[in-house]
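Scroll down for the structure; my scribbles are underneath it.
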Amino acid sequence: MDNIFEIQVKDSTNSDLSLSKFLGKTLLIVNVASKCGLTPQYKGLQKLYEKYKDRDFIVLGFPCNQFGGQEPGTNDEINDFCEINYSVTFPIFSKIKVNGPDAHPLFKILKRDKPGIFRTQSIKWNFTKFLINKNGKIVERFSPRVEPKLIMKEIERIL
């Protein structure tokens with residue numbers, strides 16, 4: 001499977017959801033965590049979503065507990081945290097793994113098609129970001145330390 005729009009994910013209620021629901025939209029896919037030093041990036045991600053959502057842009061957050069146990073909560077706890085602390089309105093999905101043999105197929109494709117520094121595929125930390133165009137092409141990979149506001153030019157370029 002090479003097309004991300006053919007992939008099934010689980011929403012925050014653990015229901016199956018096809019990414020085909022987002023066909024024709026520009027996506028920013030991010031592995032997120034609630035207890036990370038980078039967690040305040042939720043605020044910037046929400047600002048990006050609000051700024052561009054009327055232009056068919058959406059942020060998709062995938063909680064991951066693989067980095068220092070920084071996402072220990074349940075799906076409900078994660079959603080409550082995001083809403084209460086950062087007023088997040090973009091979709092937050094069920095927890096997944098992004099590395100290792102049990103990595104979610106979505107992240108296997110993202111890492112394969114846009115490797116990181118020195119062409120390594122593994123995700124190094126929470127808040128790694130992947131920008132996907134409306135046709136499902138992975139345009140760019142951003143390291144966890146890249147603040148969401150610094151991605152605006154790339155988003156505008158492909159919208």
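Quick note on naming: the chains in the structure tokens go A, B, ... in the order shown, residues restart at 1 in each chain, and ligands are numbered from 1 in order of appearance.
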Got a sec to tell me which of chain A DSSP assigns to strand (DSSP E), as a list in words?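 Written out, the strand (DSSP E) residues of chain A are Gln8, Val9, Lys10, Asp16, Leu17, Ser18, Thr26, Leu27, Leu28, Ile29, Val30, Asn31, Val32, Phe57, Ile58, Val59, Leu60, Gly61, Phe62, Pro63, Lys129, Phe130, Leu131, Ile132, Ile138, Val139, Glu140, Arg141 and Phe142 of chain A.
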Contacts of segment 32-35 of chain A at 8 Å or less, counting only C-alpha atoms, minus same-chain residues fewer than 4 places along, as a PDB file with N, CA, C and O atoms, in the first residue's frame?
```pdb
ATOM      1  N   THR A  39       5.184  19.797  23.951  1.00  0.00           N
ATOM      2  CA  THR A  39       3.718  19.804  23.976  1.00  0.00           C
ATOM      3  C   THR A  39       3.119  21.177  23.690  1.00  0.00           C
ATOM      4  O   THR A  39       2.074  21.257  23.032  1.00  0.00           O
ATOM      5  N   GLY A  61      -3.445  14.724  14.416  1.00  0.00           N
ATOM      6  CA  GLY A  61      -2.578  14.388  15.538  1.00  0.00           C
ATOM      7  C   GLY A  61      -2.683  12.924  15.913  1.00  0.00           C
ATOM      8  O   GLY A  61      -3.783  12.412  16.141  1.00  0.00           O
ATOM      9  N   PHE A  62      -1.530  12.259  15.988  1.00  0.00           N
ATOM     10  CA  PHE A  62      -1.465  10.850  16.346  1.00  0.00           C
ATOM     11  C   PHE A  62      -0.652  10.691  17.626  1.00  0.00           C
ATOM     12  O   PHE A  62       0.581  10.726  17.587  1.00  0.00           O
ATOM     13  N   PRO A  63      -1.327  10.527  18.765  1.00  0.00           N
ATOM     14  CA  PRO A  63      -0.606  10.349  20.033  1.00  0.00           C
ATOM     15  C   PRO A  63       0.279   9.107  20.006  1.00  0.00           C
ATOM     16  O   PRO A  63      -0.097   8.076  19.448  1.00  0.00           O
ATOM     17  N   CYS A  64       1.441   9.248  20.621  1.00  0.00           N
ATOM     18  CA  CYS A  64       2.413   8.161  20.653  1.00  0.00           C
ATOM     19  C   CYS A  64       3.118   8.158  22.004  1.00  0.00           C
ATOM     20  O   CYS A  64       3.541   9.212  22.481  1.00  0.00           O
ATOM     21  N   ASN A  65       3.225   6.979  22.597  1.00  0.00           N
ATOM     22  CA  ASN A  65       3.850   6.845  23.919  1.00  0.00           C
ATOM     23  C   ASN A  65       5.230   6.192  23.834  1.00  0.00           C
ATOM     24  O   ASN A  65       5.748   5.700  24.814  1.00  0.00           O
ATOM     25  N   GLN A  70       5.762   9.635  27.292  1.00  0.00           N
ATOM     26  CA  GLN A  70       5.196  10.981  27.417  1.00  0.00           C
ATOM     27  C   GLN A  70       3.745  11.098  26.965  1.00  0.00           C
ATOM     28  O   GLN A  70       3.201  12.196  26.941  1.00  0.00           O
ATOM     29  N   GLU A  71       3.129   9.979  26.628  1.00  0.00           N
ATOM     30  CA  GLU A  71       1.697   9.976  26.309  1.00  0.00           C
ATOM     31  C   GLU A  71       1.038   8.779  26.970  1.00  0.00           C
ATOM     32  O   GLU A  71       0.607   7.837  26.328  1.00  0.00           O
ATOM     33  N   ILE A  78      -6.431  12.089  26.697  1.00  0.00           N
ATOM     34  CA  ILE A  78      -5.656  12.856  25.721  1.00  0.00           C
ATOM     35  C   ILE A  78      -6.531  13.939  25.092  1.00  0.00           C
ATOM     36  O   ILE A  78      -6.134  15.110  25.003  1.00  0.00           O
ATOM     37  N   PHE A  81      -7.254  16.683  27.603  1.00  0.00           N
ATOM     38  CA  PHE A  81      -6.059  17.494  27.794  1.00  0.00           C
ATOM     39  C   PHE A  81      -5.902  18.498  26.654  1.00  0.00           C
ATOM     40  O   PHE A  81      -5.651  19.684  26.875  1.00  0.00           O
ATOM     41  N   CYS A  82      -6.027  18.021  25.423  1.00  0.00           N
ATOM     42  CA  CYS A  82      -5.849  18.888  24.252  1.00  0.00           C
ATOM     43  C   CYS A  82      -6.897  19.995  24.207  1.00  0.00           C
ATOM     44  O   CYS A  82      -6.583  21.146  23.900  1.00  0.00           O
ATOM     45  N   ASN A 126       8.721  13.001  19.699  1.00  0.00           N
ATOM     46  CA  ASN A 126       7.365  13.519  19.500  1.00  0.00           C
ATOM     47  C   ASN A 126       7.405  14.818  18.693  1.00  0.00           C
ATOM     48  O   ASN A 126       8.384  15.546  18.741  1.00  0.00           O
ATOM     49  N   PHE A 127       6.313  15.078  18.000  1.00  0.00           N
ATOM     50  CA  PHE A 127       6.110  16.297  17.218  1.00  0.00           C
ATOM     51  C   PHE A 127       6.952  16.356  15.941  1.00  0.00           C
ATOM     52  O   PHE A 127       7.257  17.432  15.442  1.00  0.00           O
TER      53      PHE A 127
END
```
Which residue out of A:Lys47, A:His104, A:Lys111, A:Arg55 has the minimum interatomic distance to Ser87 of chain A when only C-alpha atoms are used? A:Lys47
Expressed in Å, the length from atom CA of Ile158 of chain A to atom CA of Lys10 of chain A is 27.2 Å
Counting only C-alpha atoms, which residue out of A:Leu110, A:Ile155, A:Thr74, A:Val30 sits closest to Lys53 of chain A?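 Comparing A:Leu110, A:Ile155, A:Thr74, A:Val30 against Lys53 of chain A, the winner is A:Ile155.
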Could you find all residues in segment 6-130 of chain A that DSSP calls alpha helix (DSSP H) from the backbone, and write them as a PyMOL selection string? chain A and resi 41-52+75-86+105-113
Please determine, counting only C-alpha atoms, which residue among A:Phe93, A:Tyr86, A:Phe22, A:Phe67 has the shortest atom-to-atom distance to Pro144 of chain A.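 Comparing A:Phe93, A:Tyr86, A:Phe22, A:Phe67 against Pro144 of chain A, the winner is A:Phe67.
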Tell me, in Å to one decimal, how far atom CA of Ile7 of chain A is from atom CA of Ser143 of chain A.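 Between atom CA of Ile7 of chain A and atom CA of Ser143 of chain A the gap works out to 23.4 Å.
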For Ser12 of chain A, please output as JSON, numbers by chain all residues within 7 Å (counting only C-alpha atoms; exclusion window: fewer than 4 positions along the same chain). {"A": [75, 92, 93, 94]}
Just-selected residues, C-alpha atoms written as a compact mmCIF listing (two decimals), in the first residue's frame:
```
# COMPACT_ATOMS: atom_id res chain seq x y z
CA ASN A 75 -7.79 8.44 24.34
CA ILE A 92 -6.66 13.60 17.50
CA PHE A 93 -6.61 9.88 16.78
CA SER A 94 -6.07 6.77 18.89
```
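Here atom CA of Asn14 of chain A and atom CA of Ile96 of chain A stand 11.2 Å from one another.
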Restricting the calculation to only C-alpha atoms, which member of A:Asp80, A:Gly68, A:Thr13, A:Glu147 is positioned closest to Lys124 of chain A?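 Among the listed residues, A:Gly68 lies closest to Lys124 of chain A.
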Pick from A:Leu131, A:Ser15, A:Glu77, A:Arg141 nearest to Glu156 of chain A, counting only C-alpha atoms: A:Leu131
